[in-house]
$ cat query19.txt   # compact mmCIF, C-alpha atoms
# COMPACT_ATOMS: atom_id res chain seq x y z
CA MET A 156 45.59 64.68 -48.11
CA LYS A 157 47.68 61.76 -46.99
CA THR A 158 46.49 62.17 -43.41
CA ARG A 159 42.83 62.29 -44.55
CA VAL A 160 43.28 59.04 -46.50
CA LEU A 161 44.83 57.35 -43.46
CA TYR A 162 41.90 58.43 -41.27
CA LEU A 163 39.41 57.10 -43.84
CA PHE A 164 41.27 53.80 -44.10
CA ALA A 165 41.29 53.42 -40.30
CA ALA A 166 37.58 54.18 -40.12
CA LEU A 167 36.81 51.49 -42.68
CA ILE A 168 38.82 48.94 -40.69
CA ILE A 169 36.99 49.83 -37.47
CA PHE A 170 33.57 49.65 -39.23
CA ALA A 171 34.37 46.24 -40.72
CA SER A 172 35.62 45.00 -37.35
CA CYS A 173 32.48 46.20 -35.54
CA THR A 174 30.20 44.68 -38.18
CA LYS A 175 31.88 41.29 -37.82
CA GLU A 176 31.64 41.33 -34.03
CA GLU A 177 27.96 42.26 -34.15
CA GLY A 178 27.31 39.32 -36.46
CA GLU A 179 29.13 36.95 -34.15
CA ASP A 180 27.05 38.19 -31.20
CA ILE A 181 23.81 36.88 -32.78
CA ILE A 182 23.64 33.38 -31.26
CA PRO A 183 20.70 31.41 -32.70
CA VAL A 184 18.31 29.26 -30.66
CA GLU A 185 19.03 25.59 -31.32
CA LYS A 186 16.42 23.90 -29.13
CA VAL A 187 13.48 24.67 -26.87
CA THR A 188 12.71 22.06 -24.21
CA VAL A 189 9.44 22.06 -22.26
CA SER A 190 9.56 20.85 -18.64
CA LYS A 191 6.92 18.18 -19.44
CA THR A 192 6.25 16.56 -22.80
CA ASN A 193 3.05 14.74 -21.79
CA LEU A 194 0.56 15.33 -18.99
CA THR A 195 -2.80 13.82 -18.08
CA LEU A 196 -4.78 16.19 -15.89
CA THR A 197 -8.25 16.64 -14.49
CA THR A 198 -10.49 19.59 -15.27
CA ARG A 199 -10.26 22.88 -13.33
CA PHE A 200 -6.54 22.28 -12.81
CA LEU A 201 -3.70 24.81 -12.82
CA TYR A 202 -0.15 23.80 -13.68
CA ALA A 203 2.93 25.81 -14.62
CA LEU A 204 5.16 24.64 -17.46
CA THR A 205 8.65 26.02 -17.95
CA ALA A 206 10.81 26.22 -21.06
CA LYS A 207 14.57 25.87 -21.44
CA ILE A 208 16.37 27.49 -24.37
CA THR A 209 19.53 25.91 -25.77
CA PRO A 210 22.12 27.35 -25.83
CA ARG A 211 21.54 29.33 -22.65
CA ASP A 212 23.20 32.43 -24.09
CA ALA A 213 21.09 32.49 -27.27
CA THR A 214 20.47 36.05 -28.42
CA ASP A 215 16.67 35.75 -28.58
CA GLN A 216 15.39 34.90 -25.10
CA SER A 217 11.78 35.91 -25.74
CA ILE A 218 9.28 33.03 -25.68
CA VAL A 219 5.65 32.75 -26.77
CA TRP A 220 3.20 30.15 -25.44
CA SER A 221 0.11 28.94 -27.30
CA SER A 222 -2.55 26.20 -27.20
CA ASP A 223 -4.00 24.52 -30.28
CA ASN A 224 -7.26 23.77 -28.42
CA ALA A 225 -8.15 26.57 -26.04
CA SER A 226 -11.54 25.02 -25.29
CA VAL A 227 -9.66 22.20 -23.52
CA VAL A 228 -6.54 23.94 -22.16
CA THR A 229 -5.48 27.57 -22.11
CA VAL A 230 -1.96 28.80 -21.42
CA ASP A 231 -0.78 32.28 -20.47
CA GLN A 232 2.55 33.87 -21.37
CA SER A 233 4.05 32.64 -18.10
CA GLY A 234 3.41 29.03 -19.12
CA VAL A 235 0.53 28.51 -16.66
CA LEU A 236 -2.05 25.98 -17.90
CA THR A 237 -5.75 26.03 -17.07
CA THR A 238 -7.71 22.90 -17.96
CA LEU A 239 -11.33 23.48 -18.95
CA SER A 240 -12.89 20.36 -20.45
CA SER A 241 -12.22 16.79 -21.56
CA GLY A 242 -10.03 16.39 -24.62
CA THR A 243 -6.49 16.85 -25.84
CA ALA A 244 -4.47 19.98 -26.53
CA VAL A 245 -0.90 20.57 -27.69
CA ILE A 246 0.89 23.39 -25.93
CA THR A 247 3.62 25.03 -28.01
CA VAL A 248 6.39 27.32 -26.85
CA GLU A 249 8.36 29.28 -29.51
CA ALA A 250 11.67 31.09 -29.19
CA GLY A 251 13.86 32.34 -32.00
CA GLY A 252 11.86 30.44 -34.59
CA VAL A 253 12.33 27.12 -32.73
CA THR A 254 9.49 25.31 -30.95
CA GLY A 255 8.92 22.79 -28.17
CA THR A 256 5.64 21.07 -27.29
CA CYS A 257 3.73 19.36 -24.50
CA THR A 258 0.63 17.23 -25.15
CA ILE A 259 -2.09 17.61 -22.51
CA LYS A 260 -4.86 15.05 -22.05
CA VAL A 261 -7.72 16.20 -19.84
CA ILE A 262 -10.06 13.69 -18.18
CA ALA A 263 -13.16 15.06 -16.48
CA PRO A 264 -14.01 13.33 -13.18
CA THR A 265 -17.27 11.49 -12.62
CA THR A 266 -20.30 13.66 -11.94
CA ARG A 267 -21.79 11.12 -9.51
CA GLU A 268 -22.53 12.32 -5.98
CA VAL A 269 -19.54 11.71 -3.72
CA LYS A 270 -20.59 10.11 -0.43
CA ASP A 271 -19.03 10.09 3.01
CA TYR A 272 -17.24 6.87 3.92
CA GLU A 273 -18.79 5.60 7.15
CA GLU A 274 -17.89 2.62 9.31
CA GLY A 275 -19.75 1.93 12.54
CA GLY A 276 -21.79 5.09 12.07
CA ILE A 277 -18.67 7.28 11.99
CA SER A 278 -17.71 9.26 8.91
CA TYR A 279 -14.07 9.29 7.87
CA GLY A 280 -14.49 11.82 5.09
CA LYS A 281 -15.64 12.04 1.49
CA GLY A 282 -14.64 9.56 -1.15
CA ILE A 283 -11.78 10.56 -3.44
CA VAL A 284 -12.67 10.95 -7.12
CA ILE A 285 -10.11 9.61 -9.57
CA GLY A 286 -11.60 9.58 -13.06
CA ASP A 287 -14.86 7.65 -12.95
CA VAL A 288 -14.07 5.77 -9.71
CA ILE A 289 -14.65 7.09 -6.18
CA TRP A 290 -12.20 5.61 -3.66
CA ALA A 291 -12.68 5.40 0.09
CA PRO A 292 -10.37 7.76 2.01
CA VAL A 293 -9.18 4.97 4.37
CA ASN A 294 -8.71 1.21 4.31
CA CYS A 295 -11.62 -1.10 5.08
CA GLY A 296 -11.82 -1.79 8.81
CA TYR A 297 -10.20 1.53 9.66
CA GLU A 298 -10.53 2.77 13.21
CA PRO A 299 -8.45 5.69 14.48
CA ALA A 300 -6.31 5.38 17.57
CA THR A 301 -7.63 7.11 20.68
CA SER A 302 -6.44 7.59 24.24
CA ASP A 303 -8.32 4.41 25.14
CA SER A 304 -7.56 2.22 22.10
CA LYS A 305 -4.88 1.61 19.50
CA GLY A 306 -7.68 1.28 16.96
CA TYR A 307 -6.94 -0.07 13.46
CA PRO A 308 -5.18 2.89 11.82
CA TYR A 309 -4.11 0.80 8.79
CA GLY A 310 -7.49 -0.88 8.49
CA LYS A 311 -7.79 -4.65 8.86
CA LEU A 312 -6.34 -7.55 6.88
CA TYR A 313 -8.87 -9.70 5.02
CA GLN A 314 -8.62 -13.22 3.70
CA TRP A 315 -10.01 -13.20 0.19
CA GLY A 316 -13.80 -13.60 0.24
CA ARG A 317 -14.33 -13.04 3.97
CA LYS A 318 -16.75 -10.61 5.58
CA TYR A 319 -14.49 -9.91 8.54
CA GLY A 320 -10.87 -8.86 8.74
CA GLN A 321 -8.43 -8.93 11.60
CA GLY A 322 -5.76 -6.67 13.03
CA TYR A 323 -2.07 -6.98 12.27
CA SER A 324 -0.98 -7.51 15.87
CA LYS A 325 -1.62 -6.17 19.36
CA ILE A 326 1.56 -4.14 19.03
CA TYR A 327 -0.01 -1.98 16.30
CA ASP A 328 -3.76 -2.56 16.64
CA ALA A 329 -6.47 -2.89 19.24
CA SER A 330 -6.32 -6.69 18.89
CA GLY A 331 -4.63 -9.48 17.02
CA PRO A 332 -6.53 -12.51 15.70
CA GLU A 333 -6.91 -16.01 17.03
CA ILE A 334 -5.09 -18.34 14.63
CA VAL A 335 -7.11 -21.49 13.85
CA GLU A 336 -6.30 -24.23 11.38
CA GLY A 337 -8.63 -24.37 8.37
CA PRO A 338 -10.09 -24.74 5.88
CA ILE A 339 -13.73 -24.37 6.88
CA SER A 340 -17.01 -23.86 5.04
CA ALA A 341 -17.53 -20.44 3.46
CA ILE A 342 -20.56 -19.58 5.58
CA ASN A 343 -18.30 -19.34 8.64
CA GLY A 344 -16.49 -16.47 6.96
CA LYS A 345 -19.41 -14.16 7.68
CA LYS A 346 -20.31 -15.31 11.20
CA ASP A 347 -19.75 -12.81 14.01
CA ILE A 348 -18.29 -15.46 16.32
CA TYR A 349 -15.37 -15.87 13.90
CA SER A 350 -14.86 -12.16 13.26
CA ASN A 351 -11.48 -12.19 15.03
CA THR A 352 -10.39 -15.63 13.81
CA PHE A 353 -7.83 -16.18 11.07
CA PHE A 354 -8.10 -19.57 9.34
CA THR A 355 -4.80 -20.97 8.10
CA ALA A 356 -4.43 -23.09 4.97
CA SER A 357 -1.09 -24.90 4.91
CA GLU A 358 -1.89 -27.13 1.92
CA TYR A 359 -2.81 -26.41 -1.70
CA PRO A 360 -4.81 -24.59 -2.88
CA HIS A 361 -4.13 -22.45 0.23
CA ASP A 362 -7.72 -21.32 0.59
CA TRP A 363 -9.33 -20.71 3.97
CA THR A 364 -12.57 -22.24 2.73
CA SER A 365 -13.50 -25.56 1.18
CA PRO A 366 -15.14 -26.11 -1.21
CA GLN A 367 -13.87 -23.05 -3.04
CA LYS A 368 -16.15 -20.30 -4.30
CA ASP A 369 -15.10 -17.62 -6.77
CA ASP A 370 -18.04 -15.28 -6.22
CA LEU A 371 -17.83 -14.56 -2.48
CA TRP A 372 -17.20 -10.83 -3.01
CA ASN A 373 -18.58 -10.34 -6.51
CA SER A 374 -21.44 -12.44 -7.86
CA GLY A 375 -21.45 -10.45 -11.10
CA THR A 376 -18.66 -9.94 -13.61
CA GLU A 377 -15.56 -7.80 -13.86
CA ASP A 378 -17.46 -5.28 -15.99
CA ASN A 379 -20.66 -5.45 -13.94
CA PRO A 380 -19.74 -6.26 -10.33
CA VAL A 381 -22.47 -7.25 -7.89
CA LYS A 382 -21.77 -6.85 -4.18
CA THR A 383 -22.50 -9.87 -1.97
CA GLU A 384 -23.20 -10.43 1.73
CA TYR A 385 -19.57 -11.47 2.18
CA ASP A 386 -18.25 -8.11 0.98
CA PRO A 387 -16.60 -6.34 3.95
CA CYS A 388 -17.21 -2.78 2.71
CA PRO A 389 -19.88 -0.63 4.40
CA GLU A 390 -23.21 0.21 2.81
CA GLY A 391 -22.85 2.01 -0.51
CA TRP A 392 -19.30 0.71 -1.05
CA ARG A 393 -17.78 -2.48 -2.45
CA VAL A 394 -14.46 -4.25 -3.05
CA PRO A 395 -12.84 -2.89 -6.25
CA THR A 396 -12.48 -4.96 -9.39
CA TYR A 397 -9.11 -5.97 -10.81
CA ALA A 398 -9.50 -3.38 -13.59
CA GLU A 399 -10.15 -0.59 -11.10
CA LEU A 400 -7.04 -1.46 -9.08
CA ASP A 401 -4.99 -1.89 -12.25
CA ARG A 402 -5.97 1.57 -13.54
CA LEU A 403 -5.17 3.14 -10.18
CA ASN A 404 -1.70 1.65 -10.57
CA ASN A 405 -0.96 3.69 -13.74
CA SER A 406 0.58 6.64 -11.88
CA TYR A 407 1.87 6.92 -8.33
CA SER A 408 4.29 8.65 -5.97
CA SER A 409 7.54 7.41 -4.53
CA PHE A 410 7.47 5.45 -1.26
CA ILE A 411 6.83 8.22 1.24
CA THR A 412 5.69 8.93 4.79
CA VAL A 413 2.30 10.57 5.39
CA GLY A 414 1.65 11.34 9.03
CA ASP A 415 3.14 8.32 10.76
CA GLN A 416 2.46 5.85 7.95
CA LYS A 417 4.61 4.82 5.01
CA GLY A 418 3.06 4.08 1.64
CA ARG A 419 2.31 5.59 -1.76
CA TYR A 420 -0.13 7.99 -3.36
CA PHE A 421 -1.92 6.56 -6.40
CA CYS A 422 -3.33 8.81 -9.15
CA GLY A 423 -4.63 6.34 -11.73
CA ASP A 424 -4.72 7.85 -15.22
CA TYR A 425 -3.74 11.30 -13.97
CA THR A 426 -0.07 12.27 -13.94
CA TYR A 427 1.24 12.25 -10.39
CA LEU A 428 1.64 15.85 -9.22
CA ASP A 429 1.37 17.37 -5.76
CA ASN A 430 -2.16 18.66 -6.29
CA ALA A 431 -3.46 15.97 -8.67
CA PRO A 432 -6.38 13.72 -7.60
CA GLN A 433 -4.76 11.02 -5.49
CA VAL A 434 -5.44 8.46 -2.79
CA PHE A 435 -2.93 7.30 -0.18
CA PHE A 436 -2.46 3.55 0.32
CA PRO A 437 -0.53 2.74 3.51
CA ALA A 438 1.99 -0.09 3.62
CA ALA A 439 -0.25 -2.12 5.91
CA GLY A 440 1.67 -5.39 5.58
CA CYS A 441 -0.03 -8.78 5.28
CA ARG A 442 -0.61 -12.10 7.06
CA TRP A 443 0.66 -15.36 5.60
CA GLY A 444 -2.12 -17.85 5.02
CA ASP A 445 -0.15 -20.99 5.84
CA ARG A 446 1.01 -20.02 9.35
CA GLY A 447 -0.80 -16.81 10.22
CA ASP A 448 2.37 -14.75 10.71
CA ALA A 449 1.97 -10.98 10.20
CA LEU A 450 4.79 -9.16 8.44
CA HIS A 451 5.89 -6.23 6.22
CA ARG A 452 3.95 -3.47 8.00
CA GLY A 453 5.63 -0.19 7.08
CA THR A 454 7.57 -1.75 4.19
CA ALA A 455 4.92 -3.19 1.83
CA GLY A 456 1.22 -3.20 1.07
CA SER A 457 -1.14 -5.49 -0.88
CA TYR A 458 -4.75 -4.81 -1.88
CA TRP A 459 -7.35 -7.37 -2.99
CA PRO A 460 -9.58 -7.24 -6.11
CA SER A 461 -13.15 -8.57 -5.94
CA ARG A 462 -12.56 -11.67 -8.09
CA PRO A 463 -9.81 -14.32 -7.97
CA ASP A 464 -7.66 -14.99 -11.01
CA SER A 465 -7.21 -18.71 -10.57
CA TYR A 466 -7.79 -21.80 -8.46
CA TYR A 467 -5.10 -20.56 -6.08
CA GLY A 468 -5.71 -16.88 -5.57
CA ALA A 469 -5.64 -13.41 -7.06
CA TYR A 470 -3.27 -10.80 -8.38
CA VAL A 471 -3.18 -7.91 -5.94
CA LEU A 472 -2.06 -4.31 -6.15
CA SER A 473 1.22 -4.73 -4.30
CA PHE A 474 4.00 -2.27 -3.59
CA GLY A 475 7.09 -1.82 -1.46
CA ARG A 476 9.94 0.65 -1.19
CA ASP A 477 11.24 -0.04 -4.69
CA VAL A 478 8.43 -1.63 -6.70
CA VAL A 479 4.75 -1.30 -7.61
CA ASP A 480 3.18 -4.29 -9.33
CA MET A 481 -0.31 -5.39 -10.32
CA GLY A 482 0.61 -8.10 -12.79
CA ASN A 483 2.94 -10.22 -10.67
CA GLY A 484 1.86 -9.55 -7.09
CA PHE A 485 0.04 -12.84 -6.51
CA HIS A 486 -1.48 -13.92 -3.17
CA PHE A 487 -3.14 -17.16 -2.12
CA ARG A 488 -6.73 -16.73 -0.98
CA ALA A 489 -5.87 -17.49 2.66
CA THR A 490 -3.47 -14.52 2.80
CA GLY A 491 -4.57 -11.56 4.87
CA SER A 492 -4.37 -8.39 2.74
CA SER A 493 -5.88 -4.93 2.73
CA VAL A 494 -9.12 -3.83 1.09
CA ARG A 495 -9.72 -0.29 -0.16
CA CYS A 496 -13.40 0.10 -1.00
CA VAL A 497 -14.91 1.99 -3.95
CA GLN A 498 -18.27 3.72 -4.03
CA GLU A 499 -21.05 1.76 -5.70
$ encode --input "query19.txt" --output "structure tokens"
Amino acid sequence: MKTRVLYLFAALIIFASCTKEEGEDIIPVEKVTVSKTNLTLTTRFLYALTAKITPRDATDQSIVWSSDNASVVTVDQSGVLTTLSSGTAVITVEAGGVTGTCTIKVIAPTTREVKDYEEGGISYGKGIVIGDVIWAPVNCGYEPATSDSKGYPYGKLYQWGRKYGQGYSKIYDASGPEIVEGPISAINGKKDIYSNTFFTASEYPHDWTSPQKDDLWNSGTEDNPVKTEYDPCPEGWRVPTYAELDRLNNSYSSFITVGDQKGRYFCGDYTYLDNAPQVFFPAAGCRWGDRGDALHRGTAGSYWPSRPDSYYGAYVLSFGRDVVDMGNGFHFRATGSSVRCVQE
């Protein structure tokens, strides 16, 4: 009898010990973190989200994905998103009674016909659709290098309001410009005989032309631009407005090398991702308006809008290795900067 009681007592101790250990083994989920908390995507886009459970050794490792607006975005149980239409959806992942979320905004691209970008009768590819704007695939004045010519692989550099641009230098391009002291009358800015002439402006307001004109590239308004005969873009294309450049500046890549050119990808309202709609702007450098010196190729780029901001010049989309700036990148009108055309 005594032995039986001892066995029973030992069994109770073991049972109690096991029950306590099993309770301690149940580690609750404290937090679920989604790899992205906000994304802006285009339609017909696939993207994989991931979820991280904290602590890592939580007992319940099963997760469930869901979308609160499946007509806009669906998500499978691997976290793969499929965007379907314009709108907003909240993606929720749940594990152990704890949730994490990611808000997805979907912007449908323009339905306008996308045209080829042609200069000199040669097509350089289709325009690139970013939201409701179609961007040229290359800089204005682009000409590829061949066995016979260095071409203008970065495009040309344009003084604000001029029909013709010039190369950076003979080292990089097929030709460099003749540097002539200005200012001159605006009509000379569209004459063929001055197509390879850069007019310096060493005194205020540092404009290549006098008297000044604010409508050389856009005789309309910011909201309703009207292309002029001074606009350097080919038929069907025009210089972008400030607002179009500023929106493009909302999301972009790091300073990277594409082919043999350094620069950045710009995605506009879309979140920068490898397969998001994007356009590459090379760091084409610039030409100072007061002396005509070319500099910064491969380290910085600056891109003109179609209207000036003041008596002196315009804010440009400018970027370098460490900075991207639309609000403070100011250039005098005589400066030679890049133009990236948009489809009319």
$ residues_around --input "query19.txt" --residues "segment 351-358 of chain A" --least-positions-apart "5" --cutoff "7 Å" --atoms "all atoms listed in the file" --output "number ranges by chain"
A: 321, 332-338, 363, 444-447, 489
$ residues_around --input "query19.txt" --residues "Pro360 of chain A" --least-positions-apart "2" --cutoff "7 Å" --atoms "all atoms listed in the file" --output "ChimeraX atom specification"
/A:358,362,466-467
$ closest_atom_pairs --input "query19.txt" --of "segment 242-336 of chain A" --to "segment 402-425 of chain A" --cutoff "8 Å" --atoms "all atoms listed in the file" --output "JSON lines"
{"residue": "A:Ile262", "atom": "CA", "partner": "A:Tyr425", "partner_atom": "CA", "distance": 8.0}
{"residue": "A:Ile285", "atom": "CA", "partner": "A:Gly423", "partner_atom": "CA", "distance": 6.7}
{"residue": "A:Gly286", "atom": "CA", "partner": "A:Asp424", "partner_atom": "CA", "distance": 7.4}
$ atom_distance --input "query19.txt" --atom1 "atom CA of Gly251 of chain A" --atom2 "atom CA of Asp223 of chain A"
19.6 Å
$ atom_distance --input "query19.txt" --atom1 "atom CA of Tyr349 of chain A" --atom2 "atom CA of Arg317 of chain A"
10.4 Å
$ closest_atom_pairs --input "query19.txt" --of "segment 268-349 of chain A" --to "segment 381-384 of chain A" --cutoff "12 Å" --atoms "all atoms listed in the file" --output "Markdown table"
| residue | atom | partner | partner_atom | distance |
| --- | --- | --- | --- | --- |
| A:Gly316 | CA | A:Thr383 | CA | 9.7 |
| A:Arg317 | CA | A:Glu384 | CA | 9.5 |
| A:Lys318 | CA | A:Glu384 | CA | 7.5 |
| A:Tyr319 | CA | A:Glu384 | CA | 11.1 |
| A:Ala341 | CA | A:Glu384 | CA | 11.6 |
| A:Ile342 | CA | A:Glu384 | CA | 10.3 |
| A:Gly344 | CA | A:Glu384 | CA | 10.4 |
| A:Lys345 | CA | A:Glu384 | CA | 8.0 |
| A:Lys346 | CA | A:Glu384 | CA | 11.0 |
$ atom_distance --input "query19.txt" --atom1 "atom CA of Lys281 of chain A" --atom2 "atom CA of Glu298 of chain A"
15.8 Å
